[in-house]
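J.: The structure is given below, and queries will be raised subsequently.
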Amino acid sequence: MAEAVMGREVARRPPSRWVQLKATLGAWGFMSPAAVLVLVFFFLPVIILFVISLTDLSSSNFSDPLTFVALDNYLRLFRDRFFPKILGNTLFYVALTLSCFNVGMALVLALLTTHISRRVGFFFRLIWLLPRITPSVIYILMWRRIAHQPPFGLINQLLGPFGVEPQYWLFEHPWLFVIMVNGFVGASFGLILFSSAIEAIPKDLITAAKVDGASTWQIIRDITLPQIRWPLLFVTTYQTLSLLTSFEYILLLTEGGPGLYTTEVWALTAYKRALKTYFGHNQWGYGAAWGFVLVIIGIAMSIIYLRVFRFGELVQEPKIDVL
Amino acid sequence: MAATTFETGTPVGVRRLLGRALPYVVLVVSISPIVLGYAWLVIATFSYRTEGLFPIDAEGNIGGWTLRNWEFLTDPAIWRVTLNSFVLAVGMVVGVGFVSSMAAYSLSRMNFSGRKGFLSLTLILHAFPSVTLLIAIFFVLNFLSKIPGIGSGFGYNTVGGVALVMISLDLPLGIWLMKGFFDNLSWDMERAALIDGASRFRVWWEIIIPLIKPGLAALAIFNFLSGWSAFLIPFTFTVGTRVANLPVYMRQLISDTAPTNWNMIAAVGMFQLIPVLIFFVFTQEMLLSVYAGGAKGGT
C-alpha cells in the first residue's frame with residue numbers, strides 16, 4: 001500500500017513540474033519576438049550609450065580601438081561655454097510649453113468643450129487633434145509660412161490692417177513660435193484626457209452646486225478641478241518628460257537658431273553633437289554624455305510614475321473604449 | 001432637469017448672451033492657426049505663388065491658379081520615396097500588430113515566471129522617452145549592417161532597418177493597447193478549445209485574433225499613420241535619396257541651397273497628406289482615443 005502511494009506521488013510530481021516548465025516556455029515563445037526587440041533596441045542602447053559616453057569616440061577616430069576617458073565628457077559638458085544657455089533654454093521651453101499649452105490650454109479647452117453641446121465640443125477636440133496627426137514636416141511648413149517675412153507671411157497679412165508692424169516673425173520671436181508649434185501638438189493629449197475625466201464627473205454634484213447658487217467659476221474650482229486632479233498630475237508629469245526629451249519640431253523649425261544656440265535645448269544638443277553636425281564631425285562620445293543625462297532622468301521619472309500611479313492605472317485608462 | 005428650470009428662471013441679459021458666446025469665440029480663435037495653416041497649404045498647392053493667403057500670378061496680380069506644382073508626380077524619384085513610405089507604414093502595421101498581440105496575449109492569459117517583471121518593464125518603457133536612445137541605436141544598426149544576410153535588409157541606411165527601429169520603439173504602446181483588448185475578452189471559448197486539445201498558438205491564431213479585429217484595426221491605423229509620417233528616425237538612419245521616405249524627401253527639398261519652390265513643396269505635402277486626411281475623416285473617434293493613449297515623444 002505504502003509503496004503504491006509513494007509510487008503514485010513520484011509519478012505525479014515530475015509531470016506537474018514539466019507542465020509548469022512547458023507553460024513558461026510556451027509563454028516565452030509568445031513573448032520572444034517582443035523580448036528580443038526590447039533587448040536589442042532598449043536595453044542594449046542604454047548600455048551602449050553609457051559606454052560610449054565614457055570614450056572619446058568620434059568620426060575622426062571611428063576605426064581606432066576605443067579610448068576610455070572616464071568622466072571627461074561629463075566634465076566637458078558642464079564646462080561647455082554654452083552650457084548655462086542650453087540649460088536655461090531647456091527649462092524655459094519645458095516650463096512655458098507645459099504651463100501655457102500642454103496643461104494650461106488643454107485644461108481651458110477641456111472645460112470649454114465640455115461646457116458646450118457634445119457634438120460641437122467633439123468637433124473642436126477633433127480639430128485640435130489635427131496638428132498631432134499632420135506629418136511633422138508639413139506641420140512645420142505651415143508654421144513657417146504663418147510666421148514668414150512680408151509679403152509672404154500670414155500673420156503680417158492678418159494683423160497688418162490693425163497697425164501691427166510687418167516683420168519676419170519666426171526670426172524676431174523664435175521662442176514664441178517654438179513654444180506654439182510644440183504646444184499646439186501637445187495640448188491635444190491633455191485635452192482628450194481632461195475632457196473624458198470631466199465628462200465622467202457625476203452630474204448630481206454639479207446640479208446640487210447649481211441649486212445652491214454656485215457660480216461657474218466656483219463649480220470649476222470646487223468640483224471639477226478636485227475631481228480631475230489625477231489626470232492633471234499625470235499629464236503634467238508625463239508631458240514634462242516628453243518635452244524635456246523632444247526636439248523633432250525644434251530641429252525642423254529653427255535647428256536651434258536663429259544665431260548661436262538661441263532656441264537650442266538639451267535633447268537637440270545631444271542629437272546634433274552626435275549625429276547631425278554641420279561639418280560632418282560627429283562627436284559620438286560627447287553627444288552620448290549629453291544624451292545619457294536625459295536617459296537617467298527618463299528612467300528615474302518612469303519609475304516614479306509607476307509608483308505614484310499605482311502600476312499605471314492611469315496609463316491604462318485611455319484605452320480604445322474611452323469616448 | 002432642476003438645472004434647466006433654474007436657468008429659465010433668470011433673465012436673459014447681455015452678460016448671459018456673452019457668457020453663451022464666449023466659449024465659442026475662444027474655441028474658434030484657438031483653432032485659427034491650424035485652420036490658417038491648412039488653408040494656406042490648399043491655396044498654395046494650386047497657385048503660382050502666394051502672399052499671405054492670396055494666390056499671386058507672375059505679374060503680381062491676385063489670381064494665377066495653376067496645376068504646375070503637381071508636375072512632381074511625373075518624377076520617378078517621388079514614386080520611389082512614396083514606395084519607401086508605404087513599405088515603412090505597412091511594415092509598422094504588420095510588425096507591431098503581430099509582435100505586440102503575441103506578447104500581449106501571453107501577458108494577459110498565461111501565468112509564467114517573469115510575467116510581472118516584463119509587464120512593469122513595458123510600462124516603464126511606455127513612459128520612457130525613446131528618442132534619447134537614437135545615438136546608441138545608430139551603433140546597433142551599424143553593427144547589424146555587418147552581419148551577413150541581415151545587414152543588407154535591416155542595417156543602417158535601409159528601409160528594413162528604419163522599420164525595425166520604429167517597430168521596436170512602438171512596442172510598449174502596442175503591447176499595452178493589445179493587453180487591454182485581451183483583458184476585456186471572455187475566457188470561455190478559449191478554455192473550451194484548450195480543453196478540446198487545441199494548442200495555444202492555434203487558439204491564439206484561430207479564435208482570439210478574429211475576436212479582437214477591431215482592436216487590431218485601431219492599432220493598425222495608428223501605426224500606419226506613424227510609419228507614413230515618420231521623420232526623425234528615417235532622417236537619422238538614412239543617407240541620400242535612395243532610402244528616403246516622403247517626409248525626409250520633403251525636408252531635402254526645403255533645405256536645398258537652390259531657391260526653394262514653396263508651392264511645389266506644398267503640393268508634395270498635400271500629396272502626402274491624402275491618406276492621413278482620409279483616416280482622419282473616417283476613423284476620428286478611434287484616433288482621438290488612441291492618440292491620447294499613445295502620445296509620446298514630441299509631445
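For the C-alpha cells, the naming scheme is as follows: chains receive sequential letters (A, B, ...) according to their order of presentation, residues are indexed from 1 within each chain, and ligands are indexed from 1 in presentation order.
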List as a VMD selection string the protein and nucleic acid residues near stretch 262-270 of chain A, meaning an atom at most 7 Å away when only C-alpha atoms are counted, but skip any in the same chain fewer than 5 places from it.
T.: chain A and resid 86 to 87 89 to 90 175 245 to 247 256 to 257 287 to 288 290 to 291
J.: I'd like the neighbourhood of B:Ile56 as number ranges by chain, where a residue qualifies if any of its atoms comes within 12 Å (using only C-alpha atoms), though same-chain residues fewer than 4 positions away should be ignored.
T.: A: 151-152; B: 43-44, 46-52, 60-66, 263
J.: Which neighbours of stretch 216-228 of chain B fall inside 10 Å, counting only C-alpha atoms, when residues of the same chain fewer than 4 positions from it are skipped, and could you give them as a ChimeraX atom specification?
T.: /A:133-135,320 /B:82,84-98,100-101,162-163,166-167,170,173-174,177-178,181,209-212,234,245-247,272-273,275-276,279-280,283,286-287,289-291,294
J.: For C-alpha atoms, I'd like the residues from the last selection saved as a JSON list (two decimals), in the first residue's frame.
T.:
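Here's the written file selection.json:
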```json
[["chain", "number", "residue", "atom", "x", "y", "z"],
["A", 133, "ILE", "CA", -1.58, 63.65, -36.89],
["A", 134, "THR", "CA", -0.21, 66.04, -39.51],
["A", 135, "PRO", "CA", 3.25, 64.79, -40.56],
["A", 320, "ILE", "CA", -9.96, 52.41, -27.07],
["B", 82, "THR", "CA", 6.37, 57.09, -51.79],
["B", 84, "ASN", "CA", 9.53, 53.62, -49.21],
["B", 85, "SER", "CA", 6.97, 55.46, -47.08],
["B", 86, "PHE", "CA", 4.37, 52.85, -47.88],
["B", 87, "VAL", "CA", 6.68, 49.95, -47.09],
["B", 88, "LEU", "CA", 7.59, 51.58, -43.78],
["B", 89, "ALA", "CA", 3.94, 52.13, -42.90],
["B", 90, "VAL", "CA", 2.90, 48.59, -43.79],
["B", 91, "GLY", "CA", 5.95, 47.22, -42.00],
["B", 92, "MET", "CA", 4.85, 49.07, -38.87],
["B", 93, "VAL", "CA", 1.30, 47.75, -39.17],
["B", 94, "VAL", "CA", 2.36, 44.14, -39.61],
["B", 95, "GLY", "CA", 5.34, 44.20, -37.27],
["B", 96, "VAL", "CA", 3.79, 45.96, -34.31],
["B", 97, "GLY", "CA", 0.45, 44.20, -34.79],
["B", 98, "PHE", "CA", 1.97, 40.74, -34.87],
["B", 100, "SER", "CA", 2.60, 43.05, -29.71],
["B", 101, "SER", "CA", -0.53, 40.90, -29.99],
["B", 162, "VAL", "CA", 14.33, 52.01, -40.06],
["B", 163, "ALA", "CA", 11.21, 49.85, -39.83],
["B", 166, "MET", "CA", 10.30, 52.11, -35.36],
["B", 167, "ILE", "CA", 8.55, 48.81, -34.62],
["B", 170, "ASP", "CA", 6.39, 51.42, -30.66],
["B", 173, "LEU", "CA", 2.42, 51.12, -26.53],
["B", 174, "GLY", "CA", 1.24, 48.29, -28.78],
["B", 177, "LEU", "CA", -3.18, 48.55, -26.01],
["B", 178, "MET", "CA", -3.48, 44.92, -27.05],
["B", 181, "PHE", "CA", -8.27, 44.24, -25.53],
["B", 209, "ILE", "CA", -7.22, 37.14, -33.26],
["B", 210, "PRO", "CA", -10.58, 37.14, -35.10],
["B", 211, "LEU", "CA", -12.27, 38.32, -31.90],
["B", 212, "ILE", "CA", -10.02, 41.34, -31.42],
["B", 234, "PRO", "CA", 14.32, 57.79, -41.16],
["B", 245, "ASN", "CA", 10.70, 58.39, -47.30],
["B", 246, "LEU", "CA", 8.30, 61.21, -48.18],
["B", 247, "PRO", "CA", 8.94, 63.44, -45.12],
["B", 272, "GLN", "CA", 1.50, 63.05, -48.56],
["B", 273, "LEU", "CA", -1.46, 64.27, -46.51],
["B", 275, "PRO", "CA", -4.07, 59.12, -46.70],
["B", 276, "VAL", "CA", -3.71, 60.94, -43.37],
["B", 279, "PHE", "CA", -8.10, 58.22, -41.96],
["B", 280, "PHE", "CA", -8.76, 61.42, -40.04],
["B", 283, "THR", "CA", -11.81, 57.00, -38.08],
["B", 286, "MET", "CA", -10.81, 55.94, -32.65],
["B", 287, "LEU", "CA", -7.88, 58.24, -33.41],
["B", 289, "SER", "CA", -8.65, 57.82, -28.05],
["B", 290, "VAL", "CA", -5.57, 56.05, -29.41],
["B", 291, "TYR", "CA", -3.57, 59.25, -29.70],
["B", 294, "GLY", "CA", -0.14, 56.63, -27.35]]
```
J.: Distance limit 6 Å, atoms considered: only C-alpha atoms. Which chain A residues sit that close to chain B? Return them as a ChimeraX atom specification.
T.: /A:24,27,30-31,34,37,45,48-49,112,135,137-138,142,151-154,157,186,189,242,246,291,298,302,318,320
J.: Please write the residues from the selection above to a file, keeping C-alpha atoms, as a short mmCIF file (atom, residue, chain, number, x, y, z; two decimals), in the first residue's frame.
T.:
```cif
data_model
loop_
_atom_site.label_atom_id
_atom_site.label_comp_id
_atom_site.auth_asym_id
_atom_site.auth_seq_id
_atom_site.Cartn_x
_atom_site.Cartn_y
_atom_site.Cartn_z
CA THR A 24 6.57 29.03 -19.06
CA ALA A 27 4.50 31.78 -22.80
CA PHE A 30 4.80 34.09 -27.48
CA MET A 31 6.90 36.73 -25.78
CA ALA A 34 8.90 41.31 -28.32
CA LEU A 37 13.36 43.58 -29.89
CA PRO A 45 21.22 51.02 -26.38
CA ILE A 48 25.95 51.29 -25.34
CA LEU A 49 25.09 54.92 -24.68
CA LEU A 112 -14.95 74.85 -22.78
CA PRO A 135 3.25 64.79 -40.56
CA VAL A 137 7.48 68.22 -41.90
CA ILE A 138 4.18 69.53 -43.32
CA MET A 142 2.62 75.61 -42.41
CA PRO A 151 4.94 89.87 -48.09
CA PHE A 152 4.57 86.09 -47.67
CA GLY A 153 3.70 85.66 -44.00
CA LEU A 154 0.14 85.04 -42.90
CA GLN A 157 -1.35 89.91 -43.75
CA GLY A 186 0.98 68.78 -27.05
CA PHE A 189 -3.13 64.93 -25.18
CA SER A 242 8.16 64.25 -23.15
CA SER A 246 11.67 66.11 -27.52
CA GLY A 291 22.08 62.04 -24.05
CA GLY A 298 13.88 59.38 -18.09
CA SER A 302 9.30 56.50 -15.42
CA PRO A 318 -7.13 55.89 -22.17
CA ILE A 320 -9.96 52.41 -27.07
#
```
J.: Mind checking which residues fall within 7 Å of A:Ser59, counting only C-alpha atoms, ignoring those fewer than 5 positions away in the same chain, and posting them as a PyMOL selection string?
T.: chain A and resi 281-283
J.: Any idea what's packed within 8 Å of A:Ser195, counting only C-alpha atoms, ignoring anything in its chain fewer than 2 positions away? Could you give it as a JSON list (two decimals) with C-alpha atoms, in the first residue's frame?
T.:
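And here is the file that came out, result_18.json:
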```json
[["chain", "number", "residue", "atom", "x", "y", "z"],
["A", 110, "ALA", "CA", -11.41, 70.78, -21.98],
["A", 111, "LEU", "CA", -13.60, 72.97, -19.76],
["A", 113, "THR", "CA", -15.61, 71.83, -24.98],
["A", 114, "THR", "CA", -17.45, 70.02, -22.19],
["A", 191, "LEU", "CA", -7.41, 67.98, -23.81],
["A", 192, "ILE", "CA", -8.63, 64.47, -24.55],
["A", 193, "LEU", "CA", -7.76, 63.07, -21.12],
["A", 197, "ALA", "CA", -12.40, 62.93, -16.99],
["A", 198, "ILE", "CA", -14.71, 65.94, -16.78],
["A", 199, "GLU", "CA", -17.48, 64.09, -18.61]]
```
J.: To one decimal place in Å, what is the distance between atom CA of B:Asp75 and atom CA of B:Gly161?
T.: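 Between these atoms lies a distance of 26.0 Å.
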